[in-house]
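> target13.tsv (TSV, C-alpha atoms) pasted underneath:
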```tsv
chain	number	residue	atom	x	y	z
I	21	MET	CA	-18.42	0.26	-34.33
I	22	GLN	CA	-15.33	-1.15	-32.76
I	23	ILE	CA	-13.69	-0.15	-29.48
I	24	GLN	CA	-10.71	-1.39	-27.49
I	25	LEU	CA	-12.07	-2.86	-24.27
I	26	ASN	CA	-9.43	-3.68	-21.66
I	27	GLY	CA	-6.90	-3.91	-24.46
I	28	GLU	CA	-8.98	-6.20	-26.72
I	29	PRO	CA	-10.98	-5.20	-29.81
I	30	ARG	CA	-14.74	-5.51	-29.39
I	31	ASP	CA	-17.58	-4.86	-31.83
I	32	LEU	CA	-20.51	-2.96	-30.39
I	33	ALA	CA	-23.83	-1.61	-31.60
I	34	PRO	CA	-23.58	2.09	-32.44
I	35	ASP	CA	-24.55	4.73	-29.88
I	36	LEU	CA	-24.14	2.41	-26.91
I	37	THR	CA	-23.69	4.22	-23.59
I	38	VAL	CA	-21.13	3.30	-20.95
I	39	ALA	CA	-24.00	2.23	-18.69
I	40	GLN	CA	-25.33	-0.13	-21.39
I	41	LEU	CA	-21.87	-1.59	-21.97
I	42	VAL	CA	-21.40	-2.14	-18.24
I	43	ASP	CA	-24.80	-3.80	-18.09
I	44	ASP	CA	-24.11	-6.01	-21.14
I	45	LEU	CA	-20.95	-7.18	-19.39
I	46	GLY	CA	-22.93	-8.13	-16.28
I	47	LEU	CA	-21.09	-5.56	-14.19
I	48	THR	CA	-23.95	-3.32	-13.10
I	49	GLY	CA	-23.77	-2.78	-9.36
I	50	ARG	CA	-20.24	-4.18	-9.14
I	51	ARG	CA	-17.42	-2.14	-7.67
I	52	ILE	CA	-15.70	-1.00	-10.85
I	53	ALA	CA	-14.24	2.14	-12.37
I	54	VAL	CA	-14.35	3.12	-16.02
I	55	GLU	CA	-11.85	5.08	-18.05
I	56	ARG	CA	-12.49	6.29	-21.59
I	57	ASN	CA	-9.51	7.39	-23.69
I	58	GLU	CA	-7.50	7.85	-20.50
I	59	GLU	CA	-10.13	10.02	-18.82
I	60	ILE	CA	-12.28	8.82	-15.92
I	61	VAL	CA	-15.98	8.43	-16.67
I	62	PRO	CA	-17.65	9.07	-13.29
I	63	LYS	CA	-20.45	6.67	-12.33
I	64	SER	CA	-22.91	9.57	-12.45
I	65	GLU	CA	-22.12	10.02	-16.16
I	66	HIS	CA	-22.25	6.38	-17.31
I	67	GLY	CA	-25.81	6.81	-18.55
I	68	ALA	CA	-25.09	9.94	-20.54
I	69	THR	CA	-21.73	8.95	-22.01
I	70	ARG	CA	-22.04	7.50	-25.53
I	71	LEU	CA	-19.23	5.41	-26.87
I	72	ALA	CA	-17.64	6.25	-30.20
I	73	ASP	CA	-15.78	4.17	-32.76
I	74	GLY	CA	-12.16	3.75	-31.76
I	75	ASP	CA	-12.71	4.50	-28.06
I	76	ARG	CA	-10.27	2.89	-25.66
I	77	ILE	CA	-12.20	1.75	-22.61
I	78	GLU	CA	-10.71	0.38	-19.42
I	79	ILE	CA	-12.88	-1.23	-16.76
I	80	VAL	CA	-11.02	-1.99	-13.55
I	81	HIS	CA	-11.65	-3.41	-10.12
I	82	ALA	CA	-9.80	-4.04	-6.87
I	83	ILE	CA	-7.67	-7.16	-6.53
I	84	GLY	CA	-5.21	-8.48	-3.96
I	85	GLY	CA	-1.87	-6.72	-3.95
I	86	GLY	CA	0.81	-5.36	-1.68
Z	11	MET	CA	-0.13	-2.06	24.01
Z	12	THR	CA	0.09	-2.58	27.73
Z	13	ASP	CA	-2.61	-1.05	29.88
Z	14	PHE	CA	-0.30	1.30	31.79
Z	15	PHE	CA	0.92	2.94	28.61
Z	16	GLN	CA	-1.11	4.61	25.93
Z	17	ASP	CA	0.76	5.31	22.69
Z	18	GLN	CA	-0.07	8.19	20.41
Z	19	PRO	CA	-2.04	7.14	17.36
Z	20	LEU	CA	-0.30	6.94	13.99
Z	21	ARG	CA	-1.57	9.98	12.11
Z	22	ILE	CA	-1.54	10.02	8.33
Z	23	ALA	CA	-3.31	12.69	6.29
Z	24	GLY	CA	-5.97	13.33	8.92
Z	25	HIS	CA	-6.57	9.66	9.75
Z	26	ALA	CA	-5.59	8.27	13.16
Z	27	PHE	CA	-4.66	4.61	13.58
Z	28	THR	CA	-4.02	2.49	16.65
Z	29	SER	CA	-2.26	-0.23	14.68
Z	30	ARG	CA	1.12	0.55	13.15
Z	31	LEU	CA	1.08	-2.50	10.94
Z	32	LEU	CA	-0.27	-2.00	7.44
Z	33	VAL	CA	-0.85	-5.03	5.26
Z	34	GLY	CA	-1.30	-6.02	1.64
Z	35	THR	CA	-3.89	-8.38	0.21
Z	36	GLY	CA	-1.86	-10.20	-2.44
Z	37	LYS	CA	-0.55	-13.78	-2.70
Z	38	TYR	CA	-3.08	-15.40	-0.36
Z	39	LYS	CA	-4.57	-18.80	-1.12
Z	40	ASP	CA	-8.11	-17.44	-1.13
Z	41	PHE	CA	-10.25	-14.66	0.29
Z	42	ASP	CA	-10.93	-16.59	3.50
Z	43	GLU	CA	-7.23	-16.73	4.27
Z	44	THR	CA	-6.88	-13.04	3.32
Z	45	ALA	CA	-9.63	-12.08	5.77
Z	46	GLU	CA	-8.28	-14.26	8.59
Z	47	ALA	CA	-4.73	-12.98	8.19
Z	48	ILE	CA	-5.84	-9.34	8.14
Z	49	ALA	CA	-7.94	-9.92	11.25
Z	50	ALA	CA	-4.99	-11.56	13.04
Z	51	SER	CA	-2.67	-8.71	12.03
Z	52	GLY	CA	-4.94	-6.12	13.60
Z	53	ALA	CA	-4.22	-3.87	10.62
Z	54	GLU	CA	-6.52	-0.93	10.00
Z	55	VAL	CA	-4.93	0.11	6.72
Z	56	VAL	CA	-5.07	-2.40	3.89
Z	57	THR	CA	-3.53	-1.97	0.47
Z	58	PHE	CA	-4.77	-3.46	-2.79
Z	59	ALA	CA	-4.08	-3.30	-6.52
Z	60	VAL	CA	-6.19	-1.98	-9.37
Z	61	ARG	CA	-6.47	-4.24	-12.40
Z	62	ARG	CA	-8.58	-4.81	-15.49
Z	63	THR	CA	-11.84	-6.59	-14.72
Z	64	ASN	CA	-11.97	-10.09	-16.18
Z	65	LEU	CA	-14.65	-9.88	-18.82
Z	66	GLY	CA	-16.85	-12.76	-19.82
Z	67	GLN	CA	-16.24	-14.65	-16.58
Z	68	GLU	CA	-18.72	-15.32	-13.85
Z	69	ALA	CA	-18.32	-12.45	-11.38
Z	70	GLY	CA	-17.13	-14.02	-8.13
Z	71	PRO	CA	-16.63	-12.37	-4.76
Z	72	ASN	CA	-14.80	-9.07	-4.86
Z	73	LEU	CA	-11.83	-8.12	-2.69
Z	74	LEU	CA	-13.76	-5.11	-1.44
Z	75	ASP	CA	-16.32	-7.48	0.07
Z	76	VAL	CA	-13.47	-9.01	2.13
Z	77	VAL	CA	-12.04	-5.63	3.16
Z	78	PRO	CA	-15.09	-3.36	3.16
Z	79	PRO	CA	-14.29	0.36	2.95
Z	80	GLU	CA	-16.59	0.93	5.93
Z	81	ARG	CA	-14.32	-1.15	8.19
Z	82	PHE	CA	-10.83	-0.51	6.84
Z	83	THR	CA	-8.89	2.44	5.53
Z	84	LEU	CA	-8.20	1.27	2.04
Z	85	LEU	CA	-4.94	2.12	0.38
Z	86	PRO	CA	-5.06	1.55	-3.37
Z	87	ASN	CA	-1.57	1.11	-4.79
Z	88	THR	CA	0.04	1.67	-8.16
Z	89	ALA	CA	1.99	-1.59	-8.16
Z	90	GLY	CA	2.90	-2.62	-11.67
Z	91	CYS	CA	3.24	0.96	-12.93
Z	92	TYR	CA	6.54	1.88	-14.56
Z	93	THR	CA	5.76	5.47	-15.54
Z	94	ALA	CA	4.38	8.49	-13.72
Z	95	LYS	CA	1.59	8.63	-16.27
Z	96	ASP	CA	0.36	5.10	-15.57
Z	97	ALA	CA	0.61	5.65	-11.82
Z	98	VAL	CA	-1.48	8.82	-12.02
Z	99	ARG	CA	-4.10	7.08	-14.20
Z	100	THR	CA	-4.25	4.21	-11.71
Z	101	CYS	CA	-4.78	6.56	-8.77
Z	102	LYS	CA	-7.58	8.34	-10.59
Z	103	LEU	CA	-9.24	4.99	-11.33
Z	104	ALA	CA	-8.89	4.05	-7.66
Z	105	ARG	CA	-10.45	7.33	-6.59
Z	106	GLU	CA	-13.40	6.65	-8.89
Z	107	LEU	CA	-13.61	3.05	-7.65
Z	108	LEU	CA	-13.77	4.22	-4.02
Z	109	ASP	CA	-16.10	7.18	-4.55
Z	110	GLY	CA	-13.65	10.03	-4.13
Z	111	HIS	CA	-11.15	8.36	-1.78
Z	112	LYS	CA	-7.92	10.40	-1.71
Z	113	LEU	CA	-5.35	8.25	0.12
Z	114	VAL	CA	-3.08	6.26	-2.21
Z	115	LYS	CA	0.15	4.32	-2.11
Z	116	LEU	CA	2.31	5.55	-4.95
Z	117	GLU	CA	4.92	3.19	-6.32
Z	118	VAL	CA	6.58	3.59	-9.67
Z	119	LEU	CA	8.88	0.71	-10.45
Z	120	GLY	CA	12.09	0.61	-12.43
Z	121	ASP	CA	12.27	-2.91	-13.79
Z	122	ASP	CA	10.74	-6.36	-13.49
Z	123	SER	CA	13.58	-8.16	-11.80
Z	124	THR	CA	14.31	-5.76	-8.94
Z	125	LEU	CA	10.99	-3.86	-8.71
Z	126	TYR	CA	13.27	-1.10	-7.47
Z	127	PRO	CA	11.56	2.29	-7.32
Z	128	ASN	CA	12.16	4.59	-10.27
Z	129	VAL	CA	12.57	7.73	-8.20
Z	130	VAL	CA	12.53	10.11	-11.19
Z	131	GLU	CA	9.08	8.91	-12.24
Z	132	THR	CA	7.99	8.67	-8.60
Z	133	LEU	CA	8.81	12.34	-7.99
Z	134	LYS	CA	6.93	13.34	-11.14
Z	135	ALA	CA	3.87	11.30	-10.19
Z	136	ALA	CA	3.89	12.53	-6.58
Z	137	GLU	CA	3.89	16.14	-7.72
Z	138	GLU	CA	1.01	15.62	-10.12
Z	139	LEU	CA	-1.08	13.60	-7.66
Z	140	ILE	CA	-0.64	16.10	-4.86
Z	141	ARG	CA	-1.62	18.93	-7.19
Z	142	ASP	CA	-4.75	16.92	-8.01
Z	143	GLY	CA	-5.69	16.62	-4.30
Z	144	PHE	CA	-4.46	13.09	-3.50
Z	145	ASP	CA	-2.89	12.15	-0.16
Z	146	VAL	CA	0.22	10.32	-1.25
Z	147	MET	CA	2.01	7.67	0.78
Z	148	VAL	CA	5.07	7.04	-1.30
Z	149	TYR	CA	7.17	3.92	-1.78
Z	150	THR	CA	10.76	4.91	-2.45
Z	151	SER	CA	14.38	3.89	-2.17
Z	152	ASP	CA	16.23	4.34	1.13
Z	153	ASP	CA	17.93	7.48	-0.22
Z	154	PRO	CA	17.53	10.24	2.41
Z	155	ILE	CA	17.76	13.03	-0.15
Z	156	VAL	CA	15.00	11.56	-2.30
Z	157	ALA	CA	12.93	11.10	0.86
Z	158	GLN	CA	13.45	14.76	1.72
Z	159	GLU	CA	12.38	15.82	-1.77
Z	160	LEU	CA	9.22	13.67	-1.61
Z	161	GLU	CA	8.30	15.25	1.71
Z	162	ARG	CA	8.94	18.74	0.27
Z	163	LEU	CA	6.52	17.92	-2.55
Z	164	GLY	CA	3.86	17.18	0.07
Z	165	CYS	CA	3.77	13.40	0.43
Z	166	CYS	CA	1.94	12.46	3.63
Z	167	ALA	CA	4.13	9.43	4.43
Z	168	ILE	CA	7.55	8.31	3.24
Z	169	MET	CA	7.89	4.56	2.75
Z	170	PRO	CA	11.44	3.45	2.01
Z	171	LEU	CA	12.18	-0.16	1.15
Z	172	GLY	CA	13.96	-2.34	3.69
Z	173	SER	CA	15.08	-4.54	0.78
Z	174	LEU	CA	13.57	-5.61	-2.54
Z	175	ILE	CA	9.81	-6.20	-2.73
Z	176	GLY	CA	8.96	-9.78	-1.88
Z	177	SER	CA	12.60	-10.68	-1.11
Z	178	GLY	CA	12.23	-11.14	2.64
Z	179	HIS	CA	15.77	-9.85	3.12
Z	180	GLY	CA	14.80	-7.53	5.95
Z	181	ILE	CA	16.31	-4.11	6.45
Z	182	GLN	CA	19.56	-3.97	4.50
Z	183	ASN	CA	20.55	-0.44	5.39
Z	184	PRO	CA	19.29	0.50	8.84
Z	185	HIS	CA	21.55	3.56	8.85
Z	186	ASN	CA	19.76	5.08	5.89
Z	187	ILE	CA	16.37	4.32	7.43
Z	188	ARG	CA	17.53	6.14	10.58
Z	189	LEU	CA	18.68	9.12	8.53
Z	190	ILE	CA	15.31	9.30	6.80
Z	191	ILE	CA	13.47	9.10	10.12
Z	192	GLU	CA	15.64	11.76	11.77
Z	193	GLN	CA	15.01	14.35	9.10
Z	194	ALA	CA	11.35	13.59	8.34
Z	195	SER	CA	8.41	15.43	9.83
Z	196	VAL	CA	5.85	13.09	8.23
Z	197	PRO	CA	5.47	9.41	9.18
Z	198	VAL	CA	8.13	7.01	7.88
Z	199	LEU	CA	7.14	3.40	7.26
Z	200	VAL	CA	9.30	0.59	6.01
Z	201	ASP	CA	7.52	-0.83	2.99
Z	202	ALA	CA	8.98	-3.92	1.36
Z	203	GLY	CA	11.58	-6.46	2.35
Z	204	ILE	CA	10.28	-7.59	5.72
Z	205	GLY	CA	10.85	-11.35	6.05
Z	206	THR	CA	10.02	-12.24	9.61
Z	207	ALA	CA	8.93	-10.78	12.94
Z	208	SER	CA	12.38	-9.58	14.01
Z	209	ASP	CA	12.65	-7.48	10.83
Z	210	ALA	CA	9.41	-5.71	11.71
Z	211	ALA	CA	10.55	-5.20	15.30
Z	212	MET	CA	13.84	-3.80	14.00
Z	213	ALA	CA	12.04	-1.29	11.78
Z	214	MET	CA	10.05	-0.06	14.76
Z	215	GLU	CA	13.11	-0.01	17.05
Z	216	LEU	CA	14.83	2.22	14.51
Z	217	GLY	CA	11.97	4.66	15.07
Z	218	CYS	CA	9.75	3.97	12.10
Z	219	ASP	CA	6.15	5.07	12.57
Z	220	GLY	CA	4.85	1.89	11.01
Z	221	VAL	CA	5.56	-1.07	8.75
Z	222	LEU	CA	3.81	-2.18	5.59
Z	223	MET	CA	4.11	-5.79	4.48
Z	224	ASN	CA	2.45	-8.45	2.35
Z	225	SER	CA	4.66	-11.38	1.37
Z	226	ALA	CA	6.11	-11.91	4.85
Z	227	ILE	CA	2.63	-12.84	6.00
Z	228	ALA	CA	1.09	-14.32	2.85
Z	229	HIS	CA	4.09	-16.51	2.02
Z	230	ALA	CA	4.65	-17.79	5.56
Z	231	ARG	CA	3.87	-21.48	5.99
Z	232	GLN	CA	1.01	-20.42	8.25
Z	233	PRO	CA	-0.01	-16.93	7.17
Z	234	VAL	CA	-2.56	-16.34	9.91
Z	235	LEU	CA	-0.08	-17.26	12.64
Z	236	MET	CA	2.56	-15.04	11.04
Z	237	ALA	CA	0.07	-12.17	10.89
Z	238	SER	CA	-0.36	-12.53	14.65
Z	239	ALA	CA	3.44	-12.62	15.10
Z	240	MET	CA	3.83	-9.45	13.05
Z	241	LYS	CA	1.23	-7.65	15.13
Z	242	LYS	CA	3.20	-8.46	18.26
Z	243	ALA	CA	6.54	-7.64	16.65
Z	244	VAL	CA	5.39	-4.20	15.57
Z	245	GLU	CA	3.96	-3.50	19.02
Z	246	ALA	CA	7.08	-4.83	20.77
Z	247	GLY	CA	9.40	-2.84	18.50
Z	248	ARG	CA	7.38	0.30	19.07
Z	249	GLU	CA	7.41	-0.09	22.84
Z	250	ALA	CA	11.15	-0.83	22.82
Z	251	PHE	CA	11.78	2.29	20.74
Z	252	LEU	CA	9.74	4.44	23.12
Z	253	ALA	CA	11.30	2.82	26.19
Z	254	GLY	CA	14.78	3.52	24.85
Z	255	ARG	CA	17.33	0.72	24.72
Z	256	MET	CA	20.05	0.37	27.34
Z	257	PRO	CA	23.49	1.64	26.40
Z	258	ARG	CA	25.83	-0.90	24.82
Z	259	ARG	CA	28.90	-1.73	26.96
Z	260	GLN	CA	32.24	-3.31	26.14
Z	261	SER	CA	32.48	-5.23	29.41
Z	262	ALA	CA	30.04	-7.31	31.41
Z	263	ASP	CA	27.91	-5.76	34.14
Z	264	PRO	CA	26.30	-8.28	36.52
Z	265	SER	CA	22.63	-7.90	37.22
Z	266	SER	CA	22.94	-9.62	40.62
Z	267	PRO	CA	24.82	-7.68	43.31
Z	268	PHE	CA	28.33	-8.76	44.34
Z	269	ALA	CA	27.68	-7.89	47.97
Z	270	GLY	CA	26.44	-10.70	50.20
Z	271	ARG	CA	27.74	-13.59	48.11
Z	272	ILE	CA	28.22	-16.76	50.23
Z	273	ASN	CA	31.78	-17.11	48.93
Z	274	GLY	CA	32.60	-13.42	49.69
```
Please lay out the structure from this file as structure tokens.


Amino acid sequence: MQIQLNGEPRDLAPDLTVAQLVDDLGLTGRRIAVERNEEIVPKSEHGATRLADGDRIEIVHAIGGG
Amino acid sequence: MTDFFQDQPLRIAGHAFTSRLLVGTGKYKDFDETAEAIAASGAEVVTFAVRRTNLGQEAGPNLLDVVPPERFTLLPNTAGCYTAKDAVRTCKLARELLDGHKLVKLEVLGDDSTLYPNVVETLKAAEELIRDGFDVMVYTSDDPIVAQELERLGCCAIMPLGSLIGSGHGIQNPHNIRLIIEQASVPVLVDAGIGTASDAAMAMELGCDGVLMNSAIAHARQPVLMASAMKKAVEAGREAFLAGRMPRRQSADPSSPFAGRING
């Protein structure tokens, strides 16, 4: 399946969870937030949330700004 | 503050702060400089931006390691948002990022070249965020009527610009800032436009409850030294405001007595 990840297309194995995606990206334990199709996916639900073809995923973090 | 005078804390949405200087974390050379400048500023409230994580790169140090949420009151901002919808999404991401944190700095911008607030979208976003339980400190124009409307919607602090973001042009319309302060019952902070210490002192002398700045410190030749200067300027301006300035006079008034002069 293919999703949009931070605005870029990305091919993934089917039935991947948000937690697995985060882990594959090396972001487990990092201070991040995840949005799926413009809805927040709370950390507590990363393990139970399965991605679907066409999902638009945003993974964000804090950076310097004023 | 001097030891014979104890100021009231700055109260925003249930938080109480000793420092009235709030700072950003952008435009610094590196995280070391960011940390040193923030320490020198004495700021307790620190704003930051929310952006897409760089994927496929080695994860380096994170800003939140430099300004840990346990030590600072973090103020995620919606910089870079041009619609109410994007600003609301960004605040929700920030709340998730900070485990339920409610305090945000709302800014919805109009265009790239002026970064002037789009007040129509700002009002929309403020209303939605407040309904959703956020405490909204709002960046806005120096229009007193818009400020009034934002307060009516429930914003916990009104933050008019002194001049354009990052311009360093200081406070271009002190009269409007005064009008906003006089009518507001929530804290008013100048956010944007501060260029140097006297601008910050001026904001406080006008009666602002605080000042928020980033570029004035980060783009100084010596940011850490400027952060220290800004701390003093905000304190000096605050004390001068509370002390009450002397009346202006048309003619001179000698400070030394006329009586007893040797040529008298």

> Could you list, as a ChimeraX atom specification, the residues of chain I having an atom within 12 Å of chain Z when counting all atoms listed in the file?

/I:25-28,30,41-65,77-86

> Counting all atoms listed in the file, figure out which residue out of Z:Thr206, Z:Val156, Z:His229, Z:Ala213 gets nearest to Gln193 in chain Z.

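Smallest distance to Gln193 in chain Z is found for Z:Val156.
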
> If you measure from CA of Ser238 in chain Z to CA of Val77 in chain Z, what distance in Å do you get, rounded to one decimal?

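Between CA of Ser238 in chain Z and CA of Val77 in chain Z the gap works out to 17.8 Å.
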
> I'd like to know which of Z:Pro264, Z:Asp219, Z:Thr124, Z:His25 is closest to Val244 in chain Z, using only C-alpha atoms.

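Smallest separation from Val244 in chain Z among the options: Z:Asp219.
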
> For a test of reading the model, state the distance in Å between CA of Glu46 in chain Z and CA of Val234 in chain Z, rounded to one decimal.

6.2 Å

> Taking all atoms listed in the file into account, name the residue in Z:Ala136, Z:Leu31, Z:Ala262, Z:Val98 that is nearest to Leu199 in chain Z.

Z:Leu31

> Please indicate the distance in Å from CA of Ala167 in chain Z to CA of Val200 in chain Z, rounded to one decimal place.

10.4 Å

> To test the calculation: enclose all listed atoms of range 186-201 of chain Z in a box whose edges run along x, y and z, add 5 Å on each side, then state centre and edge lengths in Å to one decimal, as JSON.


```
{"center_x": 12.6, "center_y": 7.3, "center_z": 7.4, "size_x": 24.3, "size_y": 26.3, "size_z": 18.8}
```

> Write out as a list in words which residues come within 10 Å of Leu252 in chain Z when counting only C-alpha atoms, dropping same-chain ones fewer than 6 positions away.

Asp17, Met214, Glu215, Gly217 and Ala246 of chain Z

> Would you mind putting all heavy atoms back on range 45-54 of chain I and writing the result as a PDB file, keeping the file's coordinate frame?


```pdb
ATOM      1  N   LEU I  45     -22.055  -6.374 -19.912  1.00  0.00           N
ATOM      2  CA  LEU I  45     -20.950  -7.180 -19.390  1.00  0.00           C
ATOM      3  C   LEU I  45     -21.304  -7.822 -18.043  1.00  0.00           C
ATOM      4  O   LEU I  45     -20.472  -8.515 -17.445  1.00  0.00           O
ATOM      5  CB  LEU I  45     -19.694  -6.297 -19.214  1.00  0.00           C
ATOM      6  CG  LEU I  45     -19.088  -5.745 -20.513  1.00  0.00           C
ATOM      7  CD1 LEU I  45     -18.052  -4.662 -20.199  1.00  0.00           C
ATOM      8  CD2 LEU I  45     -18.462  -6.861 -21.341  1.00  0.00           C
ATOM      9  N   GLY I  46     -22.497  -7.546 -17.564  1.00  0.00           N
ATOM     10  CA  GLY I  46     -22.930  -8.130 -16.280  1.00  0.00           C
ATOM     11  C   GLY I  46     -22.274  -7.469 -15.088  1.00  0.00           C
ATOM     12  O   GLY I  46     -22.135  -8.095 -14.035  1.00  0.00           O
ATOM     13  N   LEU I  47     -21.856  -6.216 -15.257  1.00  0.00           N
ATOM     14  CA  LEU I  47     -21.090  -5.560 -14.190  1.00  0.00           C
ATOM     15  C   LEU I  47     -21.880  -4.474 -13.454  1.00  0.00           C
ATOM     16  O   LEU I  47     -21.325  -3.801 -12.581  1.00  0.00           O
ATOM     17  CB  LEU I  47     -19.812  -4.942 -14.777  1.00  0.00           C
ATOM     18  CG  LEU I  47     -18.809  -5.934 -15.375  1.00  0.00           C
ATOM     19  CD1 LEU I  47     -17.703  -5.196 -16.103  1.00  0.00           C
ATOM     20  CD2 LEU I  47     -18.224  -6.830 -14.288  1.00  0.00           C
ATOM     21  N   THR I  48     -23.155  -4.346 -13.786  1.00  0.00           N
ATOM     22  CA  THR I  48     -23.950  -3.320 -13.100  1.00  0.00           C
ATOM     23  C   THR I  48     -24.005  -3.620 -11.607  1.00  0.00           C
ATOM     24  O   THR I  48     -24.229  -4.764 -11.206  1.00  0.00           O
ATOM     25  CB  THR I  48     -25.380  -3.272 -13.680  1.00  0.00           C
ATOM     26  OG1 THR I  48     -25.265  -2.979 -15.073  1.00  0.00           O
ATOM     27  CG2 THR I  48     -26.224  -2.194 -13.009  1.00  0.00           C
ATOM     28  N   GLY I  49     -23.737  -2.598 -10.807  1.00  0.00           N
ATOM     29  CA  GLY I  49     -23.770  -2.780  -9.360  1.00  0.00           C
ATOM     30  C   GLY I  49     -22.476  -3.306  -8.770  1.00  0.00           C
ATOM     31  O   GLY I  49     -22.327  -3.373  -7.553  1.00  0.00           O
ATOM     32  N   ARG I  50     -21.535  -3.710  -9.640  1.00  0.00           N
ATOM     33  CA  ARG I  50     -20.240  -4.180  -9.140  1.00  0.00           C
ATOM     34  C   ARG I  50     -19.362  -2.978  -8.828  1.00  0.00           C
ATOM     35  O   ARG I  50     -19.567  -1.887  -9.349  1.00  0.00           O
ATOM     36  CB  ARG I  50     -19.525  -5.040 -10.204  1.00  0.00           C
ATOM     37  CG  ARG I  50     -20.355  -6.190 -10.739  1.00  0.00           C
ATOM     38  CD  ARG I  50     -20.506  -7.317  -9.771  1.00  0.00           C
ATOM     39  NE  ARG I  50     -19.224  -7.922  -9.407  1.00  0.00           N
ATOM     40  CZ  ARG I  50     -19.097  -8.891  -8.501  1.00  0.00           C
ATOM     41  NH1 ARG I  50     -20.163  -9.357  -7.879  1.00  0.00           N
ATOM     42  NH2 ARG I  50     -17.917  -9.397  -8.220  1.00  0.00           N
ATOM     43  N   ARG I  51     -18.349  -3.223  -7.979  1.00  0.00           N
ATOM     44  CA  ARG I  51     -17.420  -2.140  -7.670  1.00  0.00           C
ATOM     45  C   ARG I  51     -16.368  -2.072  -8.780  1.00  0.00           C
ATOM     46  O   ARG I  51     -15.396  -2.838  -8.785  1.00  0.00           O
ATOM     47  CB  ARG I  51     -16.739  -2.392  -6.335  1.00  0.00           C
ATOM     48  CG  ARG I  51     -17.692  -2.305  -5.150  1.00  0.00           C
ATOM     49  CD  ARG I  51     -16.861  -2.462  -3.895  1.00  0.00           C
ATOM     50  NE  ARG I  51     -17.636  -2.893  -2.757  1.00  0.00           N
ATOM     51  CZ  ARG I  51     -17.970  -2.078  -1.754  1.00  0.00           C
ATOM     52  NH1 ARG I  51     -17.636  -0.823  -1.776  1.00  0.00           N
ATOM     53  NH2 ARG I  51     -18.636  -2.559  -0.722  1.00  0.00           N
ATOM     54  N   ILE I  52     -16.606  -1.174  -9.721  1.00  0.00           N
ATOM     55  CA  ILE I  52     -15.700  -1.000 -10.850  1.00  0.00           C
ATOM     56  C   ILE I  52     -15.453   0.487 -11.077  1.00  0.00           C
ATOM     57  O   ILE I  52     -16.136   1.333 -10.514  1.00  0.00           O
ATOM     58  CB  ILE I  52     -16.282  -1.604 -12.154  1.00  0.00           C
ATOM     59  CG1 ILE I  52     -17.669  -1.007 -12.438  1.00  0.00           C
ATOM     60  CG2 ILE I  52     -16.324  -3.125 -12.093  1.00  0.00           C
ATOM     61  CD1 ILE I  52     -18.093  -1.117 -13.877  1.00  0.00           C
ATOM     62  N   ALA I  53     -14.461   0.773 -11.909  1.00  0.00           N
ATOM     63  CA  ALA I  53     -14.240   2.140 -12.370  1.00  0.00           C
ATOM     64  C   ALA I  53     -13.994   2.078 -13.869  1.00  0.00           C
ATOM     65  O   ALA I  53     -13.426   1.101 -14.373  1.00  0.00           O
ATOM     66  CB  ALA I  53     -13.054   2.768 -11.655  1.00  0.00           C
ATOM     67  N   VAL I  54     -14.441   3.107 -14.567  1.00  0.00           N
ATOM     68  CA  VAL I  54     -14.350   3.120 -16.020  1.00  0.00           C
ATOM     69  C   VAL I  54     -13.535   4.318 -16.498  1.00  0.00           C
ATOM     70  O   VAL I  54     -13.720   5.439 -16.011  1.00  0.00           O
ATOM     71  CB  VAL I  54     -15.758   3.174 -16.668  1.00  0.00           C
ATOM     72  CG1 VAL I  54     -15.657   3.198 -18.194  1.00  0.00           C
ATOM     73  CG2 VAL I  54     -16.614   2.000 -16.200  1.00  0.00           C
TER      74      VAL I  54
END
```
